[in-house]
Each structure stands twice: as structure tokens, then as C-alpha cells.
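Text of input_16.txt (compact mmCIF, C-alpha atoms) as supplied:
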```
# COMPACT_ATOMS: atom_id res chain seq x y z
CA MET A 19 0.62 30.09 12.64
CA THR A 20 4.22 31.08 13.20
CA GLU A 21 7.10 30.43 10.87
CA GLU A 22 8.54 27.95 13.33
CA SER A 23 5.51 25.73 13.24
CA LEU A 24 5.61 25.60 9.43
CA TRP A 25 9.29 24.70 9.56
CA TYR A 26 8.47 22.04 12.11
CA ILE A 27 5.82 20.55 9.81
CA PHE A 28 8.32 20.42 6.97
CA ILE A 29 11.05 18.70 8.99
CA ASN A 30 8.52 16.36 10.51
CA ALA A 31 7.12 15.25 7.15
CA SER A 32 10.44 14.96 5.35
CA LEU A 33 12.82 13.50 7.95
CA VAL A 34 11.36 12.52 11.30
CA ASN A 35 8.27 10.78 9.98
CA ASN A 36 9.54 10.12 6.48
CA PHE A 37 6.63 8.81 4.44
CA VAL A 38 8.52 5.91 2.95
CA LEU A 39 10.76 4.81 5.79
CA ALA A 40 8.59 5.49 8.82
CA TYR A 41 5.01 5.27 7.52
CA PHE A 42 5.63 2.72 4.73
CA LEU A 43 3.72 4.74 2.17
CA GLY A 44 4.71 4.55 -1.46
CA ILE A 45 6.71 1.36 -1.12
CA CYS A 46 5.86 0.13 -4.64
CA PRO A 47 7.69 2.89 -6.54
CA PHE A 48 10.32 2.90 -3.80
CA LEU A 49 11.17 -0.70 -4.63
CA GLY A 50 10.39 -0.45 -8.33
CA VAL A 51 11.92 2.77 -9.65
CA SER A 52 14.91 3.03 -7.35
CA GLY A 53 17.26 1.19 -9.72
CA LYS A 54 18.78 4.26 -11.35
CA MET A 55 19.62 7.60 -9.80
CA GLU A 56 18.30 9.73 -12.64
CA THR A 57 14.93 8.05 -12.96
CA ALA A 58 14.56 8.06 -9.20
CA SER A 59 15.02 11.81 -8.85
CA LYS A 60 12.60 12.57 -11.68
CA MET A 61 10.04 10.19 -10.27
CA GLY A 62 10.45 12.02 -6.97
CA GLY A 63 9.76 15.30 -8.74
CA ALA A 64 6.60 13.99 -10.40
CA VAL A 65 5.30 12.55 -7.14
CA THR A 66 6.05 15.79 -5.28
CA PHE A 67 4.09 17.77 -7.86
CA VAL A 68 1.09 15.45 -7.67
CA MET A 69 1.30 15.59 -3.87
CA ILE A 70 1.15 19.38 -3.79
CA VAL A 71 -1.78 19.58 -6.21
CA ALA A 72 -3.63 16.76 -4.48
CA SER A 73 -3.06 18.28 -1.07
CA MET A 74 -4.44 21.67 -2.17
CA CYS A 75 -7.48 19.99 -3.74
CA ALA A 76 -8.00 17.81 -0.68
CA TYR A 77 -8.09 20.91 1.48
CA GLY A 78 -10.84 22.42 -0.69
CA ILE A 79 -12.80 19.20 -0.95
CA HIS A 80 -12.69 18.64 2.77
CA ALA A 81 -14.06 22.11 3.43
CA LEU A 82 -16.81 21.51 0.88
CA LEU A 83 -17.74 18.07 2.24
CA VAL A 84 -17.93 19.42 5.78
CA ALA A 85 -20.20 22.20 4.49
CA VAL A 86 -22.62 19.78 2.79
CA ASN A 87 -22.26 17.24 5.62
CA ALA A 88 -21.16 14.27 3.51
CA PRO A 89 -17.93 12.95 5.04
CA PHE A 90 -18.49 9.47 3.57
CA LEU A 91 -17.70 10.87 0.12
CA GLN A 92 -14.21 11.92 1.28
CA LEU A 93 -12.32 8.87 0.09
CA ILE A 94 -14.05 8.69 -3.29
CA SER A 95 -13.56 12.36 -4.12
CA TYR A 96 -9.91 12.33 -3.03
CA ILE A 97 -9.08 9.40 -5.25
CA VAL A 98 -10.83 10.99 -8.24
CA VAL A 99 -8.81 14.19 -7.82
CA ILE A 100 -5.57 12.25 -7.54
CA ALA A 101 -6.37 10.15 -10.60
CA SER A 102 -7.06 13.22 -12.73
CA THR A 103 -3.91 14.99 -11.55
CA VAL A 104 -1.83 11.96 -12.43
CA GLN A 105 -3.43 11.86 -15.87
CA LEU A 106 -2.42 15.50 -16.35
CA VAL A 107 1.17 14.89 -15.28
CA GLU A 108 1.34 11.86 -17.53
CA MET A 109 0.26 13.85 -20.59
CA PHE A 110 2.67 16.64 -19.70
CA ILE A 111 5.68 14.31 -19.37
CA LYS A 112 4.75 12.41 -22.52
CA LYS A 113 4.75 15.69 -24.43
CA MET A 114 7.86 17.22 -22.84
CA SER A 115 10.15 14.23 -22.52
CA PRO A 116 9.27 10.96 -24.27
CA ALA A 117 12.52 9.43 -22.99
CA LEU A 118 11.57 10.02 -19.37
CA PHE A 119 8.09 8.76 -20.15
CA ARG A 120 9.55 5.47 -21.29
CA ALA A 121 11.94 5.24 -18.35
CA LEU A 122 9.19 5.65 -15.79
CA GLY A 123 7.00 3.20 -17.67
CA ILE A 124 4.15 1.61 -15.79
CA PHE A 125 5.10 3.42 -12.60
CA LEU A 126 3.84 6.73 -13.95
CA PRO A 127 0.13 5.84 -14.13
CA LEU A 128 0.67 3.87 -10.94
CA ILE A 129 1.27 7.14 -9.08
CA THR A 130 -2.53 7.08 -8.80
CA THR A 131 -2.28 4.06 -6.58
CA ASN A 132 0.69 5.46 -4.70
CA CYS A 133 -0.47 5.31 -1.12
CA ALA A 134 1.82 8.19 -0.17
CA ILE A 135 -0.41 10.66 -2.00
CA LEU A 136 -3.75 9.46 -0.68
CA GLY A 137 -2.11 9.01 2.72
CA LEU A 138 -0.92 12.61 2.66
CA ALA A 139 -4.43 13.87 1.87
CA LEU A 140 -5.94 11.77 4.67
CA PHE A 141 -3.28 12.67 7.25
CA GLN A 142 -3.60 16.38 6.65
CA THR A 143 -7.37 16.11 7.04
CA ASN A 144 -6.99 14.13 10.26
CA LYS A 145 -4.51 16.63 11.65
CA GLY A 146 -6.76 19.54 10.73
CA TYR A 147 -4.10 21.49 8.83
CA GLY A 148 -4.98 24.84 7.27
CA PHE A 149 -4.15 25.89 3.72
CA PHE A 150 -0.50 26.93 4.24
CA GLU A 151 0.16 24.10 6.64
CA SER A 152 -1.17 21.62 4.07
CA PHE A 153 1.05 23.12 1.39
CA VAL A 154 4.17 22.87 3.54
CA TYR A 155 3.18 19.36 4.64
CA ALA A 156 2.88 18.26 1.01
CA LEU A 157 6.21 19.90 0.18
CA GLY A 158 7.90 18.13 3.10
CA ALA A 159 6.37 14.78 2.26
CA GLY A 160 7.42 15.13 -1.37
CA ALA A 161 10.95 16.11 -0.37
CA GLY A 162 11.12 13.16 2.00
CA PHE A 163 9.90 10.78 -0.66
CA THR A 164 12.41 12.07 -3.19
CA LEU A 165 15.20 11.89 -0.62
CA ALA A 166 14.41 8.27 0.24
CA LEU A 167 14.14 7.32 -3.42
CA VAL A 168 17.43 8.99 -4.38
CA LEU A 169 19.31 7.53 -1.41
CA MET A 170 18.00 4.10 -2.28
CA ALA A 171 18.95 4.50 -5.94
CA GLY A 172 22.48 5.53 -4.96
CA LEU A 173 22.87 2.49 -2.74
CA ARG A 174 21.48 0.15 -5.36
CA GLU A 175 23.75 1.52 -8.09
CA LYS A 176 26.71 0.66 -5.86
CA LEU A 177 25.29 -2.74 -4.97
CA ASP A 178 25.11 -3.69 -8.65
CA PHE A 179 28.87 -4.23 -8.49
CA ALA A 180 28.81 -6.27 -5.28
CA GLU A 181 29.05 -10.03 -5.11
CA VAL A 182 25.77 -11.17 -3.63
CA PRO A 183 24.58 -14.75 -3.11
CA GLY A 184 21.96 -15.61 -5.73
CA ILE A 185 19.25 -16.31 -3.22
CA VAL A 186 19.39 -12.80 -1.75
CA LYS A 187 19.43 -10.98 -5.08
CA GLY A 188 16.52 -8.77 -6.11
CA THR A 189 13.72 -7.84 -3.75
CA VAL A 190 15.28 -9.38 -0.65
CA LEU A 191 18.43 -7.31 -0.99
CA THR A 192 16.41 -4.15 -1.63
CA LEU A 193 14.30 -4.79 1.45
CA LEU A 194 17.36 -5.36 3.63
CA VAL A 195 18.91 -2.11 2.42
CA ALA A 196 15.61 -0.34 3.03
CA GLY A 197 15.55 -1.70 6.56
CA ILE A 198 19.01 -0.36 7.28
CA LEU A 199 18.06 2.98 5.73
CA SER A 200 14.97 3.08 7.91
CA LEU A 201 17.09 2.40 11.00
CA SER A 202 19.40 5.26 10.16
CA PHE A 203 16.45 7.63 9.66
CA MET A 204 15.43 6.91 13.23
CA GLY A 205 18.38 9.06 14.19
CA PHE A 206 16.20 12.04 13.29
CA ALA A 207 13.59 11.04 15.85
CA GLY A 208 14.54 13.64 18.42
CA LEU A 209 14.72 16.46 15.89
CA GLY A 210 11.12 17.57 15.83
CA SER A 211 10.05 16.94 19.41
CA GLN A 212 8.71 20.21 20.57
CA MET B 24 -26.93 -10.29 -11.15
CA SER B 25 -29.23 -12.21 -8.79
CA ASN B 26 -27.96 -14.51 -6.09
CA GLN B 27 -29.12 -17.45 -8.13
CA THR B 28 -26.68 -16.92 -10.99
CA LYS B 29 -23.85 -16.25 -8.60
CA HIS B 30 -24.44 -19.54 -6.83
CA THR B 31 -24.69 -21.67 -9.94
CA GLY B 32 -21.53 -20.04 -11.26
CA PHE B 33 -19.79 -20.61 -7.97
CA PHE B 34 -20.67 -24.27 -7.62
CA ALA B 35 -20.24 -25.06 -11.27
CA SER B 36 -16.70 -23.75 -11.13
CA LEU B 37 -15.96 -25.72 -7.99
CA GLU B 38 -16.74 -28.92 -9.80
CA ASN B 39 -14.16 -28.76 -12.56
CA SER B 40 -10.68 -28.91 -11.17
CA PRO B 41 -8.94 -26.17 -13.21
CA SER B 42 -11.13 -23.64 -11.39
CA THR B 43 -10.27 -24.90 -7.94
CA ASN B 44 -6.84 -24.07 -9.16
CA GLU B 45 -7.84 -20.39 -9.19
CA PHE B 46 -8.30 -20.61 -5.46
CA ILE B 47 -5.13 -22.52 -4.62
CA LYS B 48 -2.82 -20.40 -6.75
CA GLY B 49 -3.40 -17.27 -4.66
CA LEU B 50 -2.59 -19.11 -1.47
CA TRP B 51 0.78 -20.43 -2.48
CA ARG B 52 2.09 -20.48 -6.04
CA GLU B 53 1.15 -16.86 -6.81
CA ASN B 54 0.95 -15.58 -3.25
CA PRO B 55 0.44 -11.82 -3.62
CA VAL B 56 2.97 -10.85 -0.97
CA PHE B 57 5.69 -13.49 -1.04
CA VAL B 58 5.76 -14.17 -4.77
CA GLN B 59 4.28 -11.18 -6.57
CA VAL B 60 5.43 -8.59 -3.98
CA LEU B 61 2.23 -6.56 -4.37
CA GLY B 62 0.47 -4.34 -1.86
CA MET B 63 3.55 -3.84 0.26
CA CYS B 64 2.49 -0.71 2.14
CA PRO B 65 -0.13 -2.21 4.49
CA VAL B 66 1.93 -5.40 4.73
CA LEU B 67 4.78 -3.49 6.32
CA ALA B 68 2.83 -0.83 8.15
CA VAL B 69 0.18 -2.67 10.13
CA SER B 70 1.93 -5.98 10.70
CA ASN B 71 3.36 -4.97 14.08
CA THR B 72 0.97 -7.24 15.98
CA ALA B 73 -0.78 -10.44 14.91
CA GLU B 74 -4.21 -9.00 15.65
CA ASN B 75 -3.74 -5.88 13.51
CA ALA B 76 -2.32 -7.98 10.72
CA LEU B 77 -5.24 -10.38 10.75
CA ALA B 78 -7.84 -7.59 10.80
CA MET B 79 -6.12 -5.78 7.96
CA GLY B 80 -5.84 -8.96 5.93
CA LEU B 81 -9.51 -9.80 6.34
CA ALA B 82 -10.60 -6.25 5.51
CA THR B 83 -8.52 -6.33 2.35
CA ALA B 84 -9.83 -9.78 1.44
CA PHE B 85 -13.42 -8.55 1.82
CA VAL B 86 -12.85 -5.52 -0.40
CA LEU B 87 -11.06 -7.72 -2.91
CA LEU B 88 -13.93 -10.20 -3.01
CA MET B 89 -16.68 -7.58 -3.37
CA SER B 90 -14.85 -5.52 -5.98
CA ASN B 91 -13.93 -8.61 -7.99
CA ILE B 92 -17.58 -9.70 -8.02
CA LEU B 93 -18.80 -6.28 -9.11
CA VAL B 94 -16.08 -5.72 -11.69
CA SER B 95 -16.70 -9.14 -13.16
CA THR B 96 -20.47 -8.49 -13.26
CA LEU B 97 -20.00 -5.18 -15.03
CA ARG B 98 -17.13 -6.27 -17.24
CA ASN B 99 -19.19 -6.07 -20.42
CA PHE B 100 -20.67 -2.66 -19.59
CA ILE B 101 -17.58 -0.66 -18.62
CA PRO B 102 -15.96 1.05 -21.63
CA LYS B 103 -12.27 0.22 -22.06
CA GLN B 104 -11.08 3.84 -21.84
CA VAL B 105 -12.48 4.57 -18.38
CA ARG B 106 -12.06 1.14 -16.85
CA ILE B 107 -9.30 2.01 -14.37
CA ALA B 108 -11.24 4.99 -13.05
CA SER B 109 -14.38 2.85 -12.75
CA TYR B 110 -12.52 0.12 -10.90
CA ILE B 111 -11.08 2.62 -8.46
CA LEU B 112 -14.52 4.08 -7.79
CA ILE B 113 -15.93 0.59 -7.15
CA ILE B 114 -13.06 -0.20 -4.80
CA ALA B 115 -13.36 3.15 -3.00
CA THR B 116 -17.04 2.50 -2.34
CA PHE B 117 -16.38 -0.83 -0.67
CA VAL B 118 -13.46 0.56 1.30
CA THR B 119 -15.67 3.32 2.70
CA MET B 120 -18.12 0.62 3.78
CA VAL B 121 -15.38 -1.41 5.48
CA ASP B 122 -14.05 1.71 7.17
CA TYR B 123 -17.43 2.48 8.77
CA LEU B 124 -17.97 -1.20 9.57
CA ILE B 125 -14.71 -1.53 11.50
CA GLN B 126 -15.44 1.71 13.32
CA ALA B 127 -18.78 0.26 14.39
CA ILE B 128 -17.30 -3.06 15.54
CA SER B 129 -14.24 -1.85 17.44
CA VAL B 130 -13.10 1.71 17.91
CA ASP B 131 -9.75 0.55 19.30
CA LEU B 132 -9.01 -1.54 16.23
CA HIS B 133 -10.01 1.35 14.00
CA LYS B 134 -7.58 3.58 15.86
CA ALA B 135 -4.77 1.02 15.61
CA LEU B 136 -5.16 0.59 11.87
CA GLY B 137 -5.67 4.33 11.37
CA ALA B 138 -5.50 5.67 7.85
CA PHE B 139 -4.44 2.29 6.53
CA ILE B 140 -8.04 1.11 6.22
CA SER B 141 -8.74 3.97 3.81
CA LEU B 142 -5.49 3.20 2.07
CA ILE B 143 -6.85 -0.20 0.99
CA VAL B 144 -8.14 1.81 -1.99
CA VAL B 145 -4.64 2.20 -3.33
CA ASN B 146 -3.54 -1.35 -2.61
CA CYS B 147 -2.14 -2.41 -5.97
CA LEU B 148 -3.22 -5.99 -5.30
CA ILE B 149 -6.93 -5.15 -5.57
CA LEU B 150 -6.66 -3.01 -8.68
CA GLY B 151 -4.28 -5.58 -10.11
CA ARG B 152 -6.76 -8.43 -9.69
CA ALA B 153 -9.61 -6.32 -11.08
CA GLU B 154 -7.59 -5.48 -14.16
CA ALA B 155 -5.81 -8.78 -14.69
CA PHE B 156 -8.49 -11.25 -13.71
CA ALA B 157 -12.00 -10.02 -12.88
CA SER B 158 -12.33 -7.94 -16.04
CA LYS B 159 -11.79 -11.03 -18.19
CA ASN B 160 -13.43 -13.88 -16.28
CA THR B 161 -16.82 -15.06 -15.07
CA ILE B 162 -18.23 -14.15 -11.68
CA GLY B 163 -17.61 -17.59 -10.19
CA LYS B 164 -13.99 -17.69 -11.27
CA SER B 165 -13.42 -14.12 -10.09
CA MET B 166 -14.86 -14.96 -6.69
CA LEU B 167 -12.54 -17.93 -6.30
CA ASP B 168 -9.60 -15.87 -7.45
CA ALA B 169 -10.47 -13.12 -4.96
CA LEU B 170 -10.88 -15.63 -2.12
CA GLY B 171 -7.57 -17.28 -2.90
CA MET B 172 -5.68 -14.02 -3.25
CA GLY B 173 -7.43 -12.56 -0.20
CA PHE B 174 -6.55 -15.50 2.01
CA GLY B 175 -3.04 -15.61 0.60
CA PHE B 176 -2.66 -11.94 1.50
CA THR B 177 -4.11 -12.49 4.98
CA PHE B 178 -1.83 -15.49 5.50
CA ALA B 179 1.24 -13.49 4.54
CA LEU B 180 0.26 -10.55 6.76
CA PHE B 181 -0.35 -12.95 9.62
CA CYS B 182 3.09 -14.56 9.15
CA LEU B 183 4.71 -11.16 9.42
CA GLY B 184 2.54 -9.94 12.27
CA ALA B 185 3.10 -13.08 14.33
CA VAL B 186 6.89 -12.95 13.99
CA ARG B 187 7.03 -9.24 14.74
CA GLU B 188 4.77 -9.44 17.76
CA ILE B 189 6.43 -12.50 19.26
CA LEU B 190 9.95 -11.10 18.92
CA GLY B 191 9.20 -7.43 19.44
CA ASN B 192 6.60 -7.62 22.19
CA GLY B 193 7.18 -11.08 23.61
CA SER B 194 3.49 -11.82 23.18
CA PHE B 195 1.08 -13.47 20.75
CA PHE B 196 -2.39 -11.94 20.32
CA GLY B 197 -1.64 -9.93 23.45
CA ILE B 198 -0.93 -13.06 25.52
CA PRO B 199 2.64 -13.28 26.91
CA PHE B 200 4.62 -15.81 24.93
CA PHE B 201 8.00 -15.85 26.63
CA PRO B 202 9.00 -16.10 30.32
CA GLU B 203 9.24 -12.88 32.38
CA ASN B 204 12.89 -12.09 31.74
CA PHE B 205 12.69 -12.13 27.93
CA GLN B 206 14.39 -9.12 26.43
CA GLU B 207 12.15 -7.75 23.66
CA TRP B 208 13.70 -7.05 20.28
CA VAL B 209 12.39 -3.52 20.06
CA VAL B 210 13.62 -3.17 16.49
CA MET B 211 11.00 -5.65 15.28
CA ILE B 212 8.14 -3.32 16.26
CA LEU B 213 9.85 -0.35 14.60
CA PRO B 214 9.52 0.31 10.87
CA ALA B 215 12.91 -1.26 10.17
CA GLY B 216 11.70 -4.53 11.68
CA GLY B 217 8.99 -4.69 9.03
CA PHE B 218 11.55 -4.54 6.24
CA PHE B 219 13.78 -7.12 7.89
CA THR B 220 10.96 -9.56 8.65
CA LEU B 221 9.60 -9.36 5.12
CA ALA B 222 13.09 -9.85 3.70
CA MET B 223 13.49 -12.92 5.89
CA TRP B 224 10.18 -14.45 4.74
CA LEU B 225 11.03 -13.77 1.11
CA LEU B 226 14.36 -15.45 1.67
CA ILE B 227 12.62 -18.54 3.08
CA PHE B 228 10.23 -18.58 0.12
CA ASN B 229 13.09 -18.26 -2.36
CA ALA B 230 14.96 -21.07 -0.66
CA ALA B 231 11.86 -23.28 -0.76
CA LYS B 232 11.34 -22.49 -4.44
CA ASN B 233 14.93 -23.24 -5.34
CA LYS B 234 14.73 -26.62 -3.67
CA GLY B 235 11.36 -27.76 -4.99
```

For this file, write the structure as C-alpha cells.
Amino acid sequence: MTEESLWYIFINASLVNNFVLAYFLGICPFLGVSGKMETASKMGGAVTFVMIVASMCAYGIHALLVAVNAPFLQLISYIVVIASTVQLVEMFIKKMSPALFRALGIFLPLITTNCAILGLALFQTNKGYGFFESFVYALGAGAGFTLALVLMAGLREKLDFAEVPGIVKGTVLTLLVAGILSLSFMGFAGLGSQ
Amino acid sequence: MSNQTKHTGFFASLENSPSTNEFIKGLWRENPVFVQVLGMCPVLAVSNTAENALAMGLATAFVLLMSNILVSTLRNFIPKQVRIASYILIIATFVTMVDYLIQAISVDLHKALGAFISLIVVNCLILGRAEAFASKNTIGKSMLDALGMGFGFTFALFCLGAVREILGNGSFFGIPFFPENFQEWVVMILPAGGFFTLAMWLLIFNAAKNKG
């Protein structure tokens, strides 16, 4: 495990195969919380934290399940770990910053059903990543998610002042912008080929 | 719990018209994808061919139906505080079953759908129906609701998959659709194509709603 390969994993997870724009994971918060820049970046932080914890736990659980030969429990145990981590983060944010808690609203408990996190745990298991690789993978995925969310929020803040036909307003406009963003992220495609 | 009660509930609710409504609403008026914009991840990710889209839609519909039945059966036994966790466990169980089932039926299909079968667990549509409908209604009604929503979801996925495959691959269910010299719109197969196609369908739906 050289330093290069870890770097490659990070770039791959955050830019080349961005979780939101290339794998379509975590679309719900991407469309829902990307209205304001500030909320978006904090949401990104919360998701990144849950990702890292969940990825570490998933690594341990996978090793355990292989040891006791019960791979069919994988999905159930992953989701339980994620749900409890989210609960923890929710309590922490509620205590530390009630304002942020209100701003994130329903999307905070919904991190549990954020496919990006479960997807991350499943992908790292499929790819057979070790402990450090999993950690870097989670970090990259979290960074990629935050990046996509913040970029989207910036674009949408600008679009609030644009004259848009009524029929396109709302989700349609967001999806179109997301499509263009996804196209531009394809420019990274050659970056990690090695 | 027995089949008997399920059947009487099912047929009884078919007879009075407001319940048939539960079925129809998921197909059109409250279509999970086009109207409620729920469960977007699989909608965008596996709708690159019509076949994948159909398989994914049916798998989701099955999980939705089974979990709605079970949640509705147990609705009086699950304590309020732990209901979300219980629902997720119920859903995860059925998803694991579907995952192994698809693997047994077609390895190729399993490979094409990849991790997205497992990711049915975190499809907000299923948890949403469990929480908003099945936990408050009888088994018969919940079944109808699940069938309607499931087919509505499958229909929407199929709409996307068909458009993306025809334009991006020049084929429909793997059968060539256009003459030899058709230039494929590669962008439709790529992730960006998913966003654009969905935006287009939503636009059509909005236009239809504004008119009617």
C-alpha cells in the first residue's frame, strides 16, 4: 500500500467517480438541501463524518461476518450501524447548534436513508479495501459529496435572481443544472486512469 | 396474519371505490417519481437501458409490497419510538431476499444492477410509504397502496430507461431500433443523460398538469 495508491483512491472517490454526479448516490439531500450555501456545506460536513464512522464500522463488521460465515447479515448490520451513527450526530448537532438543527430539518435524520453512505460501505467491501484504504475512500467520498453540494448551492443562489419560465422552476431547473454539472465533472475522467 | 384475512381484506377493499383509489393514485396523481420526486438515486442510476430499469422497478415494487404488508400487520405491536429502526430492519430483510433471488435468476442482471439492489434499502419511497401509509392503514389498503406506488415507480423507471436506451444505444430491449447509420447520443447513457431525461419527463408532467 503505497502513498500513491491512497492518493489515487481519494481522487477517484472525490472527483473522477464523484458519488453524487457519477454514481447518483445521495441525490435526495443533493436536491433538497442545496438551496443555501451555508446549510449545504454543513450538511456536507455531517455526511462526511457519518461516512467515515460508517466506513470504519463496515470494515470491522465485514471482517466479523466473514469470520462467522454469515454474509447475508451484511446489509442488515450495515444499516443498523449507519442508523445509530446518524442518531448520535443528530443529538450532537441539536446540543451544539440548535439553529443548524432547524436549518437541516428533516434531512438530518434522513442521512440514514442517504444511499451515499450505504453505497460507500458496500463499494468498499466489494473492492476489498483494507482499513486505511477504507478510511481514505470515505474521506474522498465525503469531500466529493460536499463539493457537489456546495457547487450546486452556489449555482442555485445565483439562479434565484434569474428570470425562469414558470414551468421549469423548481426540481426541473435543479435537475438541468445537475446534468450540466455532471457533464463538467466528466472532464476529470482521465485523471485517475493508472 | 393468515392468508385468509389478507384475502378478505384485499377483496373487501376492492369493492368500495375509495380504496381502488389507493391503487390508482400511485400510478398517476401521486406518482412517486414524477410528482413526489422520491427515490431518485436508483431512478437515475440504473435507467440506462429499458431492461435494467424494468428489473429494478419490479424489485423495488416487490420489496415495497412485502414491507408494506408486514409493517401494516405489525402496526399495533411496534412501539412508536423505535418504529423507523424496525421499518428499516423489515425492509433490509426483504432486500436481502431479493438480492439473492436476482443472483439466482440471472447473474448478468445482478452484475448490471450491482450495488443498487442492496441500495433499495435506503430508497426513501419505501420507508416513506411504510411511515406515511402502512403504519396507519389496514393490510388490504396497504397492499393496494404498495401495488399502485410500485407500479407507478416501475412505470416511471421504464419511461426513463426506454428513452435513454433508444437515444443513447439506438436499441430497445437490446433490439436495434434505428437504421444502421444512426448516430448514438452517447450523452444519454452517461450520468448527465439521466439528469436531462428526468428533467424532460418532469417538464412534460408539469405541462400536462398545468393544462388539465

Proximal residues of chain B relative to chain A (all atoms listed in the file; 6 Å) as a PyMOL selection string: chain B and resi 64+68+115+145+214-215+218-219+222

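You will find atom CA of Glu188 of chain B at 7.1 Å from atom CA of Ile212 of chain B.
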
Atom CA of Val60 of chain B to atom CA of Phe117 of chain B, straight-line distance in Å: 23.4 Å

Polymer residues at most 7 Å from Arg187 of chain B, all atoms listed in the file, same-chain spacing of 3 or more positions, as JSON, numbers by chain: {"B": [71, 72, 183, 184, 190, 191, 211, 212]}

Test item: residues at most 10 Å from Ile47 of chain B, only C-alpha atoms, excluding those fewer than 6 positions along its chain, as a list of chain:residue names: B:Glu53, B:Asn54, B:Leu167, B:Asp168, B:Leu170, B:Gly171, B:Met172, B:Phe174, B:Gly175

Selected residues written out with C-alpha atoms, as a PDB file, in the coordinates of the input:
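Final file, result09.pdb:
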```pdb
ATOM      1  CA  GLU B  53       1.150 -16.860  -6.810  1.00  0.00           C
ATOM      2  CA  ASN B  54       0.950 -15.580  -3.250  1.00  0.00           C
ATOM      3  CA  LEU B 167     -12.540 -17.930  -6.300  1.00  0.00           C
ATOM      4  CA  ASP B 168      -9.600 -15.870  -7.450  1.00  0.00           C
ATOM      5  CA  LEU B 170     -10.880 -15.630  -2.120  1.00  0.00           C
ATOM      6  CA  GLY B 171      -7.570 -17.280  -2.900  1.00  0.00           C
ATOM      7  CA  MET B 172      -5.680 -14.020  -3.250  1.00  0.00           C
ATOM      8  CA  PHE B 174      -6.550 -15.500   2.010  1.00  0.00           C
ATOM      9  CA  GLY B 175      -3.040 -15.610   0.600  1.00  0.00           C
TER      10      GLY B 175
END
```

Option closest in space to Ala230 of chain B, from A:Gly208, A:Pro183, A:Gly160, A:Gly50 [counting all atoms listed in the file]: A:Pro183

Point-to-point distance in Å for atom CA of Gly216 of chain B and atom CA of Met170 of chain A: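 Between these atoms lies a distance of 17.6 Å.
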
Nearest to Ser23 of chain A by atom-to-atom distance, counting all atoms listed in the file, from A:Glu181, A:Ala161, A:Phe67, A:Tyr147: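 Going through A:Glu181, A:Ala161, A:Phe67, A:Tyr147 one by one, the smallest distance to Ser23 of chain A is for A:Tyr147.
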
Can you pull out every residue within 8 Å of Thr57 of chain A, counting all atoms listed in the file, but drop anything in the same chain fewer than 4 positions away, and send it as a PDB file with C-alpha atoms, in the coordinates of the input?
```
ATOM      1  CA  VAL A  51      11.920   2.770  -9.650  1.00  0.00           C
ATOM      2  CA  SER A  52      14.910   3.030  -7.350  1.00  0.00           C
ATOM      3  CA  GLY A  53      17.260   1.190  -9.720  1.00  0.00           C
ATOM      4  CA  MET A  61      10.040  10.190 -10.270  1.00  0.00           C
ATOM      5  CA  LEU A 118      11.570  10.020 -19.370  1.00  0.00           C
ATOM      6  CA  ALA A 121      11.940   5.240 -18.350  1.00  0.00           C
ATOM      7  CA  LEU A 122       9.190   5.650 -15.790  1.00  0.00           C
TER       8      LEU A 122
END
```

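Here the question is which of B:Leu180, B:Leu148, B:Leu93, B:Val186 gets nearest to Met79 of chain B using only C-alpha atoms, and that residue is B:Leu180.
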
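Each of B:Phe181, B:Trp51, B:Phe85, B:Trp208 was compared to Ile140 of chain B using all atoms listed in the file, and B:Phe85 turns out to be the nearest.
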
Could you work out an axis-aligned box for segment 123-139 of chain A, taking every atom the file lists and adding 8 Å on each side, and report centre and edge lengths in Å to one decimal, as JSON?
```
{"center_x": 1.3, "center_y": 7.7, "center_z": -7.5, "size_x": 27.4, "size_y": 28.3, "size_z": 36.4}
```

Distance query Val56 of chain B at most 8 Å, only C-alpha atoms, self and fewer than 2 positions along chain excluded, as a ChimeraX atom specification: /B:54,58-63,66,175-176,179
